[in-house]
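Listing of target_31.txt; format and content: compact mmCIF, C-alpha atoms.
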# COMPACT_ATOMS: atom_id res chain seq x y z
CA MET A 581 14.67 -19.69 11.85
CA ARG A 582 13.36 -17.57 14.70
CA ASP A 583 11.56 -14.28 14.10
CA GLU A 584 14.36 -12.36 15.84
CA ASP A 585 16.74 -13.63 13.15
CA LEU A 586 14.55 -11.97 10.49
CA ILE A 587 13.39 -8.69 12.03
CA TRP A 588 15.28 -5.51 11.08
CA LYS A 589 15.56 -2.48 13.34
CA PRO A 590 14.46 0.59 11.40
CA GLY A 591 15.63 4.04 12.36
CA LYS A 592 13.66 7.27 12.14
CA PRO A 593 12.01 7.78 8.73
CA GLU A 594 12.88 10.94 6.78
CA LYS A 595 10.39 12.22 4.19
CA VAL A 596 12.27 12.72 0.91
CA PHE A 597 9.39 13.26 -1.55
CA SER A 598 5.76 14.30 -1.36
CA VAL A 599 2.99 14.84 -3.91
CA PRO A 600 -0.78 14.50 -3.35
CA ILE A 601 -0.93 10.76 -4.16
CA VAL A 602 2.25 9.59 -2.45
CA ASP A 603 4.94 10.32 0.12
CA VAL A 604 8.33 8.61 0.05
CA TYR A 605 10.43 8.09 3.18
CA ARG A 606 14.06 7.08 3.55
CA VAL A 607 15.07 5.01 6.54
CA GLU A 608 18.33 3.53 7.77
CA SER A 609 17.69 0.04 9.08
CA ARG A 610 19.95 -2.35 10.97
CA SER A 611 20.01 -6.04 10.04
CA PRO A 612 18.70 -8.71 12.44
CA ASP A 613 22.23 -9.91 13.25
CA GLY A 614 23.45 -6.34 13.74
CA LYS A 615 26.17 -6.85 11.13
CA GLN A 616 25.04 -4.30 8.55
CA THR A 617 22.98 -1.17 8.06
CA GLY A 618 21.14 -0.38 4.83
CA THR A 619 19.23 2.52 3.31
CA TYR A 620 15.65 1.67 2.37
CA TYR A 621 12.83 3.66 0.80
CA ARG A 622 9.21 3.32 1.84
CA ILE A 623 6.46 4.41 -0.56
CA LYS A 624 3.35 5.67 1.23
CA PRO A 625 0.28 6.05 -1.00
CA LYS A 626 -3.02 6.56 0.79
CA ASP A 627 -5.01 3.69 2.29
CA GLY A 628 -8.01 2.59 0.24
CA VAL A 629 -11.24 0.64 0.08
CA ILE A 630 -12.72 -1.66 -2.55
CA VAL A 631 -16.30 -2.87 -2.53
CA VAL A 632 -17.65 -5.85 -4.50
CA PRO A 633 -21.29 -4.99 -5.28
CA VAL A 634 -23.38 -8.01 -6.24
CA VAL A 635 -26.64 -7.35 -8.11
CA LYS A 636 -29.11 -10.20 -8.56
CA ASN A 637 -32.14 -9.69 -10.76
CA GLU A 638 -34.38 -11.66 -13.10
CA GLU A 639 -31.63 -11.64 -15.74
CA GLY A 640 -29.00 -13.22 -13.54
CA VAL A 641 -26.12 -12.30 -11.24
CA PHE A 642 -24.00 -9.26 -12.03
CA PHE A 643 -21.08 -7.39 -10.55
CA LEU A 644 -21.55 -3.62 -10.49
CA MET A 645 -18.30 -2.17 -11.79
CA VAL A 646 -16.75 1.09 -12.97
CA ARG A 647 -15.01 1.67 -16.28
CA GLN A 648 -12.56 4.55 -16.17
CA TRP A 649 -9.21 5.96 -17.24
CA ARG A 650 -6.38 5.18 -14.84
CA HIS A 651 -3.67 7.83 -14.86
CA GLY A 652 -1.07 5.58 -13.22
CA SER A 653 -0.94 3.01 -16.01
CA GLU A 654 -2.62 5.19 -18.68
CA ILE A 655 -5.16 2.50 -19.54
CA LEU A 656 -8.93 2.03 -19.37
CA THR A 657 -9.90 -0.46 -16.68
CA THR A 658 -13.12 -1.98 -15.44
CA GLU A 659 -12.88 -2.33 -11.66
CA PHE A 660 -14.94 -2.63 -8.54
CA PRO A 661 -15.79 0.74 -7.00
CA SER A 662 -12.85 1.92 -4.95
CA GLY A 663 -11.17 4.95 -3.52
CA ILE A 664 -9.20 6.57 -0.77
CA ILE A 665 -10.19 6.66 2.89
CA GLU A 666 -10.44 10.33 3.83
CA PRO A 667 -8.67 11.49 7.01
CA GLY A 668 -10.70 10.32 10.01
CA GLU A 669 -13.21 8.47 7.86
CA ASP A 670 -14.45 5.02 8.87
CA PRO A 671 -13.44 2.45 6.19
CA ALA A 672 -17.02 1.15 5.82
CA ALA A 673 -18.27 4.71 5.38
CA ALA A 674 -15.60 5.25 2.71
CA ALA A 675 -16.74 2.08 0.92
CA ALA A 676 -20.39 3.18 0.99
CA ARG A 677 -19.43 6.67 -0.19
CA GLU A 678 -17.32 5.46 -3.10
CA LEU A 679 -20.03 3.02 -4.18
CA ARG A 680 -22.60 5.81 -4.12
CA GLU A 681 -20.38 8.33 -5.94
CA GLU A 682 -19.08 5.98 -8.62
CA THR A 683 -22.21 3.92 -9.37
CA GLY A 684 -25.22 5.78 -7.95
CA TYR A 685 -26.10 2.73 -5.82
CA SER A 686 -26.64 2.69 -2.08
CA ALA A 687 -24.69 -0.07 -0.36
CA GLY A 688 -27.19 -1.73 1.93
CA LYS A 689 -25.29 -4.24 4.07
CA LEU A 690 -21.50 -4.08 3.81
CA GLU A 691 -19.35 -7.02 4.89
CA LEU A 692 -15.64 -6.51 5.55
CA HIS A 693 -13.58 -9.50 4.38
CA ARG A 694 -9.93 -8.51 4.71
CA VAL A 695 -7.47 -5.67 5.25
CA ILE A 696 -4.51 -6.36 2.98
CA TYR A 697 -1.17 -4.70 2.29
CA GLN A 698 -0.93 -3.57 -1.33
CA ASN A 699 2.79 -4.42 -1.57
CA PRO A 700 4.66 -4.61 1.74
CA ALA A 701 8.02 -5.03 0.00
CA ILE A 702 8.16 -1.37 -0.99
CA GLN A 703 4.91 0.27 0.14
CA TYR A 704 2.93 0.61 3.32
CA ASN A 705 -0.60 1.26 2.19
CA THR A 706 -3.49 -1.06 2.97
CA CYS A 707 -6.81 -1.79 1.33
CA HIS A 708 -10.06 -2.73 3.07
CA LEU A 709 -12.04 -5.27 0.98
CA PHE A 710 -15.84 -5.31 1.30
CA THR A 711 -18.81 -6.99 -0.29
CA ALA A 712 -22.12 -5.14 -0.75
CA GLU A 713 -24.98 -7.58 -1.26
CA ASN A 714 -27.93 -6.26 -3.27
CA PRO A 715 -27.09 -2.56 -3.40
CA VAL A 716 -30.02 -0.44 -4.58
CA PRO A 717 -30.19 2.38 -7.15
CA ALA A 718 -30.16 5.70 -5.31
CA GLY A 719 -29.80 8.34 -8.03
CA GLY A 720 -27.16 9.50 -10.45
CA LEU A 721 -23.41 9.19 -10.27
CA GLN A 722 -21.52 11.79 -8.22
CA PRO A 723 -18.03 11.69 -9.69
CA ASP A 724 -15.29 14.11 -8.75
CA SER A 725 -14.92 16.99 -11.22
CA ASP A 726 -12.04 15.21 -12.97
CA GLU A 727 -13.58 11.73 -12.97
CA TYR A 728 -15.16 10.43 -16.17
CA LEU A 729 -16.85 7.17 -15.24
CA ALA A 730 -19.08 4.58 -16.84
CA ARG A 731 -21.11 2.26 -14.62
CA VAL A 732 -21.15 -1.31 -15.97
CA LEU A 733 -23.13 -4.38 -14.91
CA VAL A 734 -20.79 -7.26 -15.71
CA PRO A 735 -22.33 -10.75 -15.83
CA ALA A 736 -20.75 -12.88 -13.11
CA GLU A 737 -19.74 -15.61 -15.57
CA ARG A 738 -17.95 -13.05 -17.74
CA LEU A 739 -15.90 -11.63 -14.87
CA MET A 740 -15.00 -15.12 -13.65
CA ALA A 741 -13.68 -15.95 -17.12
CA GLU A 742 -11.86 -12.68 -17.77
CA ILE A 743 -10.57 -11.60 -14.35
CA GLY A 744 -6.88 -10.79 -14.58
CA THR A 745 -7.00 -10.11 -18.32
CA GLY A 746 -7.65 -7.08 -20.53
CA GLU A 747 -9.73 -4.40 -18.84
CA PHE A 748 -9.98 -6.56 -15.68
CA ALA A 749 -6.20 -6.84 -15.04
CA HIS A 750 -6.15 -4.87 -11.75
CA ALA A 751 -4.52 -6.94 -8.99
CA LEU A 752 -6.71 -5.47 -6.26
CA THR A 753 -9.91 -6.16 -8.20
CA ALA A 754 -8.74 -9.79 -8.39
CA ALA A 755 -7.92 -9.89 -4.67
CA ALA A 756 -11.32 -8.40 -3.78
CA LEU A 757 -13.09 -10.95 -5.98
CA PHE A 758 -11.09 -13.78 -4.39
CA PHE A 759 -12.12 -12.93 -0.84
CA HIS A 760 -15.72 -12.36 -1.92
CA LEU A 761 -15.82 -15.82 -3.52
CA GLN A 762 -14.13 -17.37 -0.50
CA ALA A 763 -16.75 -15.85 1.80
CA GLU A 764 -19.43 -17.28 -0.49
CA GLY A 765 -17.92 -20.75 -0.08
CA ARG A 766 -17.10 -21.00 -3.76
CA ILE A 767 -13.44 -21.96 -3.39
CA ARG A 768 -12.47 -25.53 -2.59
CA MET B 813 -20.64 5.56 -22.61
CA ARG B 814 -18.14 5.14 -25.43
CA ASP B 815 -14.44 4.59 -24.76
CA GLU B 816 -13.59 7.93 -26.40
CA ASP B 817 -15.65 9.63 -23.70
CA LEU B 818 -13.39 8.08 -21.04
CA ILE B 819 -9.88 8.19 -22.51
CA TRP B 820 -7.59 11.04 -21.43
CA LYS B 821 -4.80 12.44 -23.60
CA PRO B 822 -1.58 12.42 -21.58
CA GLY B 823 1.27 14.76 -22.42
CA LYS B 824 4.96 14.03 -22.15
CA PRO B 825 5.95 12.56 -18.76
CA GLU B 826 8.57 14.40 -16.71
CA LYS B 827 10.59 12.47 -14.13
CA VAL B 828 10.35 14.29 -10.80
CA PHE B 829 11.81 11.72 -8.38
CA SER B 830 14.06 8.68 -8.62
CA VAL B 831 15.49 6.22 -6.09
CA PRO B 832 16.49 2.59 -6.75
CA ILE B 833 13.04 1.12 -6.05
CA VAL B 834 10.86 3.72 -7.73
CA ASP B 835 10.63 6.57 -10.21
CA VAL B 836 7.85 9.16 -10.13
CA TYR B 837 6.68 11.02 -13.22
CA ARG B 838 4.48 14.09 -13.56
CA VAL B 839 2.24 14.40 -16.59
CA GLU B 840 -0.25 16.98 -17.78
CA SER B 841 -3.28 15.19 -19.20
CA ARG B 842 -6.27 16.52 -21.13
CA SER B 843 -9.76 15.27 -20.30
CA PRO B 844 -11.76 13.17 -22.80
CA ASP B 845 -14.11 16.08 -23.57
CA GLY B 846 -11.17 18.50 -23.93
CA LYS B 847 -12.66 20.78 -21.28
CA GLN B 848 -9.92 20.53 -18.65
CA THR B 849 -6.28 19.69 -18.10
CA GLY B 850 -4.96 18.15 -14.90
CA THR B 851 -1.60 17.33 -13.34
CA TYR B 852 -1.17 13.65 -12.49
CA TYR B 853 1.65 11.65 -10.93
CA ARG B 854 2.63 8.18 -12.07
CA ILE B 855 4.55 5.92 -9.69
CA LYS B 856 6.85 3.50 -11.50
CA PRO B 857 8.24 0.70 -9.32
CA LYS B 858 9.92 -2.16 -11.18
CA ASP B 859 7.97 -4.99 -12.79
CA GLY B 860 7.92 -8.21 -10.83
CA VAL B 861 7.23 -11.93 -10.80
CA ILE B 862 5.54 -14.20 -8.26
CA VAL B 863 5.68 -17.98 -8.39
CA VAL B 864 3.31 -20.33 -6.54
CA PRO B 865 5.38 -23.46 -5.80
CA VAL B 866 3.26 -26.51 -4.97
CA VAL B 867 4.99 -29.37 -3.15
CA LYS B 868 3.18 -32.69 -2.83
CA ASN B 869 4.69 -35.42 -0.69
CA GLU B 870 3.58 -38.28 1.56
CA GLU B 871 2.57 -35.79 4.26
CA GLY B 872 0.22 -33.80 2.06
CA VAL B 873 0.11 -30.72 -0.15
CA PHE B 874 2.20 -27.69 0.76
CA PHE B 875 2.95 -24.25 -0.59
CA LEU B 876 6.65 -23.39 -0.56
CA MET B 877 6.85 -19.87 0.86
CA VAL B 878 9.33 -17.31 2.15
CA ARG B 879 9.19 -15.57 5.52
CA GLN B 880 11.03 -12.27 5.54
CA TRP B 881 11.15 -8.69 6.71
CA ARG B 882 9.49 -6.23 4.36
CA HIS B 883 11.03 -2.78 4.50
CA GLY B 884 8.04 -1.07 2.84
CA SER B 885 5.53 -1.94 5.55
CA GLU B 886 8.11 -2.83 8.25
CA ILE B 887 6.46 -6.16 8.99
CA LEU B 888 7.33 -9.86 8.73
CA THR B 889 5.39 -11.56 5.94
CA THR B 890 5.13 -15.08 4.60
CA GLU B 891 4.80 -14.86 0.82
CA PHE B 892 5.29 -16.79 -2.35
CA PRO B 893 8.79 -16.37 -3.80
CA SER B 894 8.90 -13.15 -5.77
CA GLY B 895 11.16 -10.47 -7.07
CA ILE B 896 12.04 -7.98 -9.72
CA ILE B 897 12.57 -8.75 -13.40
CA GLU B 898 16.13 -7.70 -14.24
CA PRO B 899 16.63 -5.53 -17.36
CA GLY B 900 16.31 -7.76 -20.44
CA GLU B 901 15.39 -10.82 -18.38
CA ASP B 902 12.63 -13.16 -19.50
CA PRO B 903 9.82 -13.19 -16.89
CA ALA B 904 9.84 -17.00 -16.62
CA ALA B 905 13.60 -16.94 -16.11
CA ALA B 906 13.13 -14.34 -13.38
CA ALA B 907 10.53 -16.56 -11.69
CA ALA B 908 12.84 -19.60 -11.81
CA ARG B 909 15.75 -17.51 -10.52
CA GLU B 910 13.81 -16.04 -7.60
CA LEU B 911 12.44 -19.45 -6.65
CA ARG B 912 15.98 -20.88 -6.67
CA GLU B 913 17.52 -17.98 -4.74
CA GLU B 914 14.81 -17.67 -2.10
CA THR B 915 13.96 -21.33 -1.49
CA GLY B 916 16.78 -23.47 -2.91
CA TYR B 917 14.27 -25.29 -5.14
CA SER B 918 14.51 -25.71 -8.90
CA ALA B 919 11.29 -24.79 -10.66
CA GLY B 920 10.63 -27.65 -13.03
CA LYS B 921 7.65 -26.69 -15.21
CA LEU B 922 6.47 -23.10 -14.85
CA GLU B 923 2.99 -22.08 -15.96
CA LEU B 924 2.18 -18.40 -16.55
CA HIS B 925 -1.36 -17.56 -15.42
CA ARG B 926 -1.70 -13.79 -15.67
CA VAL B 927 0.10 -10.48 -16.06
CA ILE B 928 -1.62 -8.00 -13.75
CA TYR B 929 -1.26 -4.32 -12.96
CA GLN B 930 -0.36 -3.81 -9.30
CA ASN B 931 -2.45 -0.63 -9.00
CA PRO B 932 -3.21 1.15 -12.29
CA ALA B 933 -4.82 4.10 -10.49
CA ILE B 934 -1.47 5.49 -9.39
CA GLN B 935 1.23 3.04 -10.53
CA TYR B 936 2.32 1.40 -13.73
CA ASN B 937 4.13 -1.72 -12.66
CA THR B 938 2.99 -5.19 -13.58
CA CYS B 939 3.43 -8.61 -12.02
CA HIS B 940 3.72 -11.93 -13.85
CA LEU B 941 2.00 -14.72 -11.89
CA PHE B 942 3.30 -18.28 -12.28
CA THR B 943 2.73 -21.71 -10.78
CA ALA B 944 5.62 -24.17 -10.36
CA GLU B 945 4.33 -27.74 -9.97
CA ASN B 946 6.56 -30.07 -7.99
CA PRO B 947 9.72 -28.00 -7.73
CA VAL B 948 12.72 -30.04 -6.55
CA PRO B 949 15.36 -29.26 -3.90
CA ALA B 950 18.51 -28.04 -5.64
CA GLY B 951 20.78 -26.86 -2.83
CA GLY B 952 20.92 -24.06 -0.32
CA LEU B 953 19.30 -20.65 -0.45
CA GLN B 954 21.12 -17.90 -2.37
CA PRO B 955 19.77 -14.73 -0.83
CA ASP B 956 21.09 -11.28 -1.65
CA SER B 957 23.61 -10.01 0.89
CA ASP B 958 20.93 -7.98 2.67
CA GLU B 959 18.18 -10.64 2.53
CA TYR B 960 17.47 -12.66 5.66
CA LEU B 961 15.02 -15.35 4.58
CA ALA B 962 13.33 -18.39 6.07
CA ARG B 963 11.93 -21.04 3.74
CA VAL B 964 8.57 -22.37 4.97
CA LEU B 965 6.42 -25.26 3.79
CA VAL B 966 2.87 -24.09 4.55
CA PRO B 967 0.14 -26.75 4.55
CA ALA B 968 -2.35 -25.94 1.79
CA GLU B 969 -5.30 -26.03 4.22
CA ARG B 970 -3.58 -23.52 6.49
CA LEU B 971 -2.91 -21.02 3.70
CA MET B 972 -6.49 -21.37 2.40
CA ALA B 973 -7.79 -20.53 5.88
CA GLU B 974 -5.37 -17.69 6.65
CA ILE B 975 -4.75 -16.01 3.29
CA GLY B 976 -5.31 -12.27 3.60
CA THR B 977 -4.68 -12.26 7.37
CA GLY B 978 -1.66 -11.88 9.64
CA GLU B 979 1.61 -12.84 8.00
CA PHE B 980 -0.26 -13.74 4.77
CA ALA B 981 -1.84 -10.28 4.19
CA HIS B 982 0.05 -9.45 0.99
CA ALA B 983 -2.41 -8.56 -1.81
CA LEU B 984 -0.20 -10.01 -4.54
CA THR B 985 0.23 -13.31 -2.69
CA ALA B 986 -3.58 -13.49 -2.58
CA ALA B 987 -3.88 -12.65 -6.28
CA ALA B 988 -1.28 -15.27 -7.20
CA LEU B 989 -3.09 -17.89 -5.11
CA PHE B 990 -6.42 -16.97 -6.72
CA PHE B 991 -5.18 -17.53 -10.28
CA HIS B 992 -3.41 -20.72 -9.26
CA LEU B 993 -6.65 -22.08 -7.75
CA GLN B 994 -8.64 -20.95 -10.78
CA ALA B 995 -6.25 -22.82 -13.10
CA GLU B 996 -6.71 -25.88 -10.90
CA GLY B 997 -10.47 -25.68 -11.36
CA ARG B 998 -11.06 -25.09 -7.68
CA ILE B 999 -13.23 -22.00 -8.01
CA ARG B 1000 -16.90 -22.33 -8.88

I'd like the structure from this file rewritten - as structure tokens, please.
Amino acid sequence: MRDEDLIWKPGKPEKVFSVPIVDVYRVESRSPDGKQTGTYYRIKPKDGVIVVPVVKNEEGVFFLMVRQWRHGSEILTTEFPSGIIEPGEDPAAAAARELREETGYSAGKLELHRVIYQNPAIQYNTCHLFTAENPVPAGGLQPDSDEYLARVLVPAERLMAEIGTGEFAHALTAAALFFHLQAEGRIR
Amino acid sequence: MRDEDLIWKPGKPEKVFSVPIVDVYRVESRSPDGKQTGTYYRIKPKDGVIVVPVVKNEEGVFFLMVRQWRHGSEILTTEFPSGIIEPGEDPAAAAARELREETGYSAGKLELHRVIYQNPAIQYNTCHLFTAENPVPAGGLQPDSDEYLARVLVPAERLMAEIGTGEFAHALTAAALFFHLQAEGRIR
């Protein structure tokens, strides 16, 4: 099937809902064959960054992670440092800033692996996925006034065994780990 | 830091927006130390399933995927078969149903790998991730009336090289592939 048999023709989006974390748009879209028009909703959260910080020391290899309350799912999670790209901010600068604020570590060299869509079926936010090799301690945490964070060094073997379960069940943490491991040549 | 120093105390959620694909709730939540209260929004899309169908034949190993227009991001993607769990539906039944509808293949044995949160920071929907080994052709596609789908057999080597880029830039497709590969013992 050719692409032109799959591509819809969206009309002008109309904003129907807006709060600080998300806007929702309604759009009338015409089917590829022109035979029907449908009403669709597009969820627009903000674009984000995730950084996989790898700490190697005499005790082994660790991932530097953040344990925190997540208001969306009302659970405690342990995740890679992450956050929103501020308006006009460079994604790599956002990654370095979030790492510094949430863990107190300075990024050193950041490598961008991928820019992924969080869920293109219903949303149109992206996430930039970085690795920070050997970040260095640079002072205390600088959380936002309503952030209560714990910095955690998670042994690499533990995360590999538990990713996708319990406190590590965040899809984007799993995706970030995947592309980090792929870049390291650890996936056959 | 102890868990009780991280856990917020959410109040009663109030629904502030609702369209077919998503509800949004507002909740007042009290900080772990009791010193502040904040207003938070929780986005509730529907829970979903993704199934990684692996087809092995004399020409090699392929992933059975679906190319389609995604109204959220207004892009064409190539993804693993996926969809929403209907009210009261068993997740494995939903996976088998979506695979059948979107590809015309019958699932055979389904293996559940993980149940992940799509983005616990702002959302509270989950996704069940399955593998279907050696699904078998069972007739034509059965798309919804507004679905225009192309079934694609993607060579395994191609998906491994291109996952997270171009038409394969869906975070949940990457997460599903990751847990499939992990179950196969292909991640060191």

Considering only C-alpha atoms, can you say which of A:Glu654, A:Glu691, A:Glu594, A:Glu681 comes closest to Gly720 of chain A?
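Of A:Glu654, A:Glu691, A:Glu594, A:Glu681, the one nearest Gly720 of chain A is A:Glu681, counting only C-alpha atoms.
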
Please, which residues of chain B lie no more than 8 Å from chain A when the count uses only C-alpha atoms, and can they be set out as number ranges by chain?
B: 813, 817-820, 822, 829, 831, 833, 843-844, 850, 852-855, 880-888, 926-937, 958, 960-962, 976-977, 981-984, 986-987, 990, 998-1000

Restricted to C-alpha atoms, what would the selected residues look like written as a CSV table (one decimal), in the frame of the given file?
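Contents of the output file selection34.csv:
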chain,number,residue,atom,x,y,z
B,813,MET,CA,-20.6,5.6,-22.6
B,817,ASP,CA,-15.6,9.6,-23.7
B,818,LEU,CA,-13.4,8.1,-21.0
B,819,ILE,CA,-9.9,8.2,-22.5
B,820,TRP,CA,-7.6,11.0,-21.4
B,822,PRO,CA,-1.6,12.4,-21.6
B,829,PHE,CA,11.8,11.7,-8.4
B,831,VAL,CA,15.5,6.2,-6.1
B,833,ILE,CA,13.0,1.1,-6.0
B,843,SER,CA,-9.8,15.3,-20.3
B,844,PRO,CA,-11.8,13.2,-22.8
B,850,GLY,CA,-5.0,18.2,-14.9
B,852,TYR,CA,-1.2,13.6,-12.5
B,853,TYR,CA,1.6,11.6,-10.9
B,854,ARG,CA,2.6,8.2,-12.1
B,855,ILE,CA,4.6,5.9,-9.7
B,880,GLN,CA,11.0,-12.3,5.5
B,881,TRP,CA,11.2,-8.7,6.7
B,882,ARG,CA,9.5,-6.2,4.4
B,883,HIS,CA,11.0,-2.8,4.5
B,884,GLY,CA,8.0,-1.1,2.8
B,885,SER,CA,5.5,-1.9,5.6
B,886,GLU,CA,8.1,-2.8,8.2
B,887,ILE,CA,6.5,-6.2,9.0
B,888,LEU,CA,7.3,-9.9,8.7
B,926,ARG,CA,-1.7,-13.8,-15.7
B,927,VAL,CA,0.1,-10.5,-16.1
B,928,ILE,CA,-1.6,-8.0,-13.8
B,929,TYR,CA,-1.3,-4.3,-13.0
B,930,GLN,CA,-0.4,-3.8,-9.3
B,931,ASN,CA,-2.4,-0.6,-9.0
B,932,PRO,CA,-3.2,1.2,-12.3
B,933,ALA,CA,-4.8,4.1,-10.5
B,934,ILE,CA,-1.5,5.5,-9.4
B,935,GLN,CA,1.2,3.0,-10.5
B,936,TYR,CA,2.3,1.4,-13.7
B,937,ASN,CA,4.1,-1.7,-12.7
B,958,ASP,CA,20.9,-8.0,2.7
B,960,TYR,CA,17.5,-12.7,5.7
B,961,LEU,CA,15.0,-15.4,4.6
B,962,ALA,CA,13.3,-18.4,6.1
B,976,GLY,CA,-5.3,-12.3,3.6
B,977,THR,CA,-4.7,-12.3,7.4
B,981,ALA,CA,-1.8,-10.3,4.2
B,982,HIS,CA,0.0,-9.4,1.0
B,983,ALA,CA,-2.4,-8.6,-1.8
B,984,LEU,CA,-0.2,-10.0,-4.5
B,986,ALA,CA,-3.6,-13.5,-2.6
B,987,ALA,CA,-3.9,-12.6,-6.3
B,990,PHE,CA,-6.4,-17.0,-6.7
B,998,ARG,CA,-11.1,-25.1,-7.7
B,999,ILE,CA,-13.2,-22.0,-8.0
B,1000,ARG,CA,-16.9,-22.3,-8.9

Counting only C-alpha atoms, the residue of A:Ala736, A:Lys626, A:Glu742, A:His760 that sits nearest Asp603 of chain A
A:Lys626

Just give me the gap between atom CA of Ala675 of chain A and atom CA of Glu638 of chain A in Å, one decimal is fine.
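Computing it gives 26.4 Å between the two atoms.
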
All residues 7 Å or closer to Phe942 of chain B, only C-alpha atoms, same chain fewer than 2 positions away omitted, as a ChimeraX atom specification:
/B:862-864,922-925,940,944

Extract, using all atoms listed in the file, all DNA, RNA and protein residues at most 7 Å from Pro661 of chain A, discarding same-chain residues fewer than 2 positions from it, and format them as a PDB file with C-alpha atoms, keeping the file's coordinate frame.
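Generated file (out.pdb):
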ATOM      1  CA  ILE A 630     -12.720  -1.660  -2.550  1.00  0.00           C
ATOM      2  CA  VAL A 631     -16.300  -2.870  -2.530  1.00  0.00           C
ATOM      3  CA  MET A 645     -18.300  -2.170 -11.790  1.00  0.00           C
ATOM      4  CA  VAL A 646     -16.750   1.090 -12.970  1.00  0.00           C
ATOM      5  CA  GLU A 659     -12.880  -2.330 -11.660  1.00  0.00           C
ATOM      6  CA  GLU A 678     -17.320   5.460  -3.100  1.00  0.00           C
ATOM      7  CA  LEU A 679     -20.030   3.020  -4.180  1.00  0.00           C
ATOM      8  CA  GLU A 682     -19.080   5.980  -8.620  1.00  0.00           C
TER       9      GLU A 682
END

Please report the interatomic distance between atom CA of Pro967 of chain B and atom CA of Ala995 of chain B in Å with one decimal.
19.2 Å

Tell me, in Å to one decimal, how far atom CA of Arg970 of chain B is from atom CA of Asp859 of chain B.
29.1 Å

Using all atoms listed in the file and a cutoff of 8 Å, can you tell me which residues are near (-27.8, 5.5, -9.9) in the file's coordinates, and write them out as number ranges by chain?
A: 680, 683-685, 717-721

Would you mind listing what lies within 10 Å of Lys636 of chain A as a list in words, with all atoms listed in the file counted and same-chain residues fewer than 3 positions away left out?
Pro633, Glu639, Gly640, Val641, Phe642, Phe643, Glu713, Asn714, Pro715, Pro735 and Ala736 of chain A

N, CA, C and O atoms of segment 929-939 of chain B, written as an mmCIF file, in the first residue's frame:
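In the end it all went to selection_5.cif:
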data_model
loop_
_atom_site.group_PDB
_atom_site.id
_atom_site.type_symbol
_atom_site.label_atom_id
_atom_site.label_comp_id
_atom_site.auth_asym_id
_atom_site.auth_seq_id
_atom_site.Cartn_x
_atom_site.Cartn_y
_atom_site.Cartn_z
ATOM 1 N N TYR B 929 4.124 1.663 32.926
ATOM 2 C CA TYR B 929 3.420 2.950 32.949
ATOM 3 C C TYR B 929 3.923 3.789 31.777
ATOM 4 O O TYR B 929 5.129 3.968 31.604
ATOM 5 N N GLN B 930 2.994 4.360 30.993
ATOM 6 C CA GLN B 930 3.431 5.083 29.801
ATOM 7 C C GLN B 930 4.187 6.361 30.158
ATOM 8 O O GLN B 930 5.174 6.697 29.515
ATOM 9 N N ASN B 931 3.730 7.092 31.154
ATOM 10 C CA ASN B 931 4.493 8.231 31.675
ATOM 11 C C ASN B 931 3.908 8.643 33.028
ATOM 12 O O ASN B 931 3.032 9.499 33.092
ATOM 13 N N PRO B 932 4.405 8.009 34.107
ATOM 14 C CA PRO B 932 3.785 8.224 35.425
ATOM 15 C C PRO B 932 3.892 9.654 35.943
ATOM 16 O O PRO B 932 3.188 10.021 36.881
ATOM 17 N N ALA B 933 4.751 10.469 35.340
ATOM 18 C CA ALA B 933 4.882 11.859 35.787
ATOM 19 C C ALA B 933 3.566 12.608 35.613
ATOM 20 O O ALA B 933 3.162 13.379 36.491
ATOM 21 N N ILE B 934 2.900 12.384 34.497
ATOM 22 C CA ILE B 934 1.697 13.165 34.200
ATOM 23 C C ILE B 934 0.486 12.307 33.850
ATOM 24 O O ILE B 934 -0.630 12.806 33.812
ATOM 25 N N GLN B 935 0.707 11.005 33.572
ATOM 26 C CA GLN B 935 -0.369 10.149 33.096
ATOM 27 C C GLN B 935 -0.544 8.966 34.045
ATOM 28 O O GLN B 935 0.360 8.641 34.802
ATOM 29 N N TYR B 936 -1.691 8.294 33.928
ATOM 30 C CA TYR B 936 -1.748 7.022 34.636
ATOM 31 C C TYR B 936 -2.347 5.899 33.811
ATOM 32 O O TYR B 936 -3.115 5.097 34.310
ATOM 33 N N ASN B 937 -1.863 5.806 32.579
ATOM 34 C CA ASN B 937 -2.209 4.635 31.765
ATOM 35 C C ASN B 937 -1.039 3.664 31.690
ATOM 36 O O ASN B 937 0.130 4.058 31.730
ATOM 37 N N THR B 938 -1.393 2.389 31.579
ATOM 38 C CA THR B 938 -0.388 1.344 31.494
ATOM 39 C C THR B 938 -0.424 0.710 30.107
ATOM 40 O O THR B 938 -1.327 0.955 29.307
ATOM 41 N N CYS B 939 0.580 -0.121 29.847
ATOM 42 C CA CYS B 939 0.622 -0.873 28.601
ATOM 43 C C CYS B 939 1.152 -2.273 28.904
ATOM 44 O O CYS B 939 2.202 -2.419 29.542
#
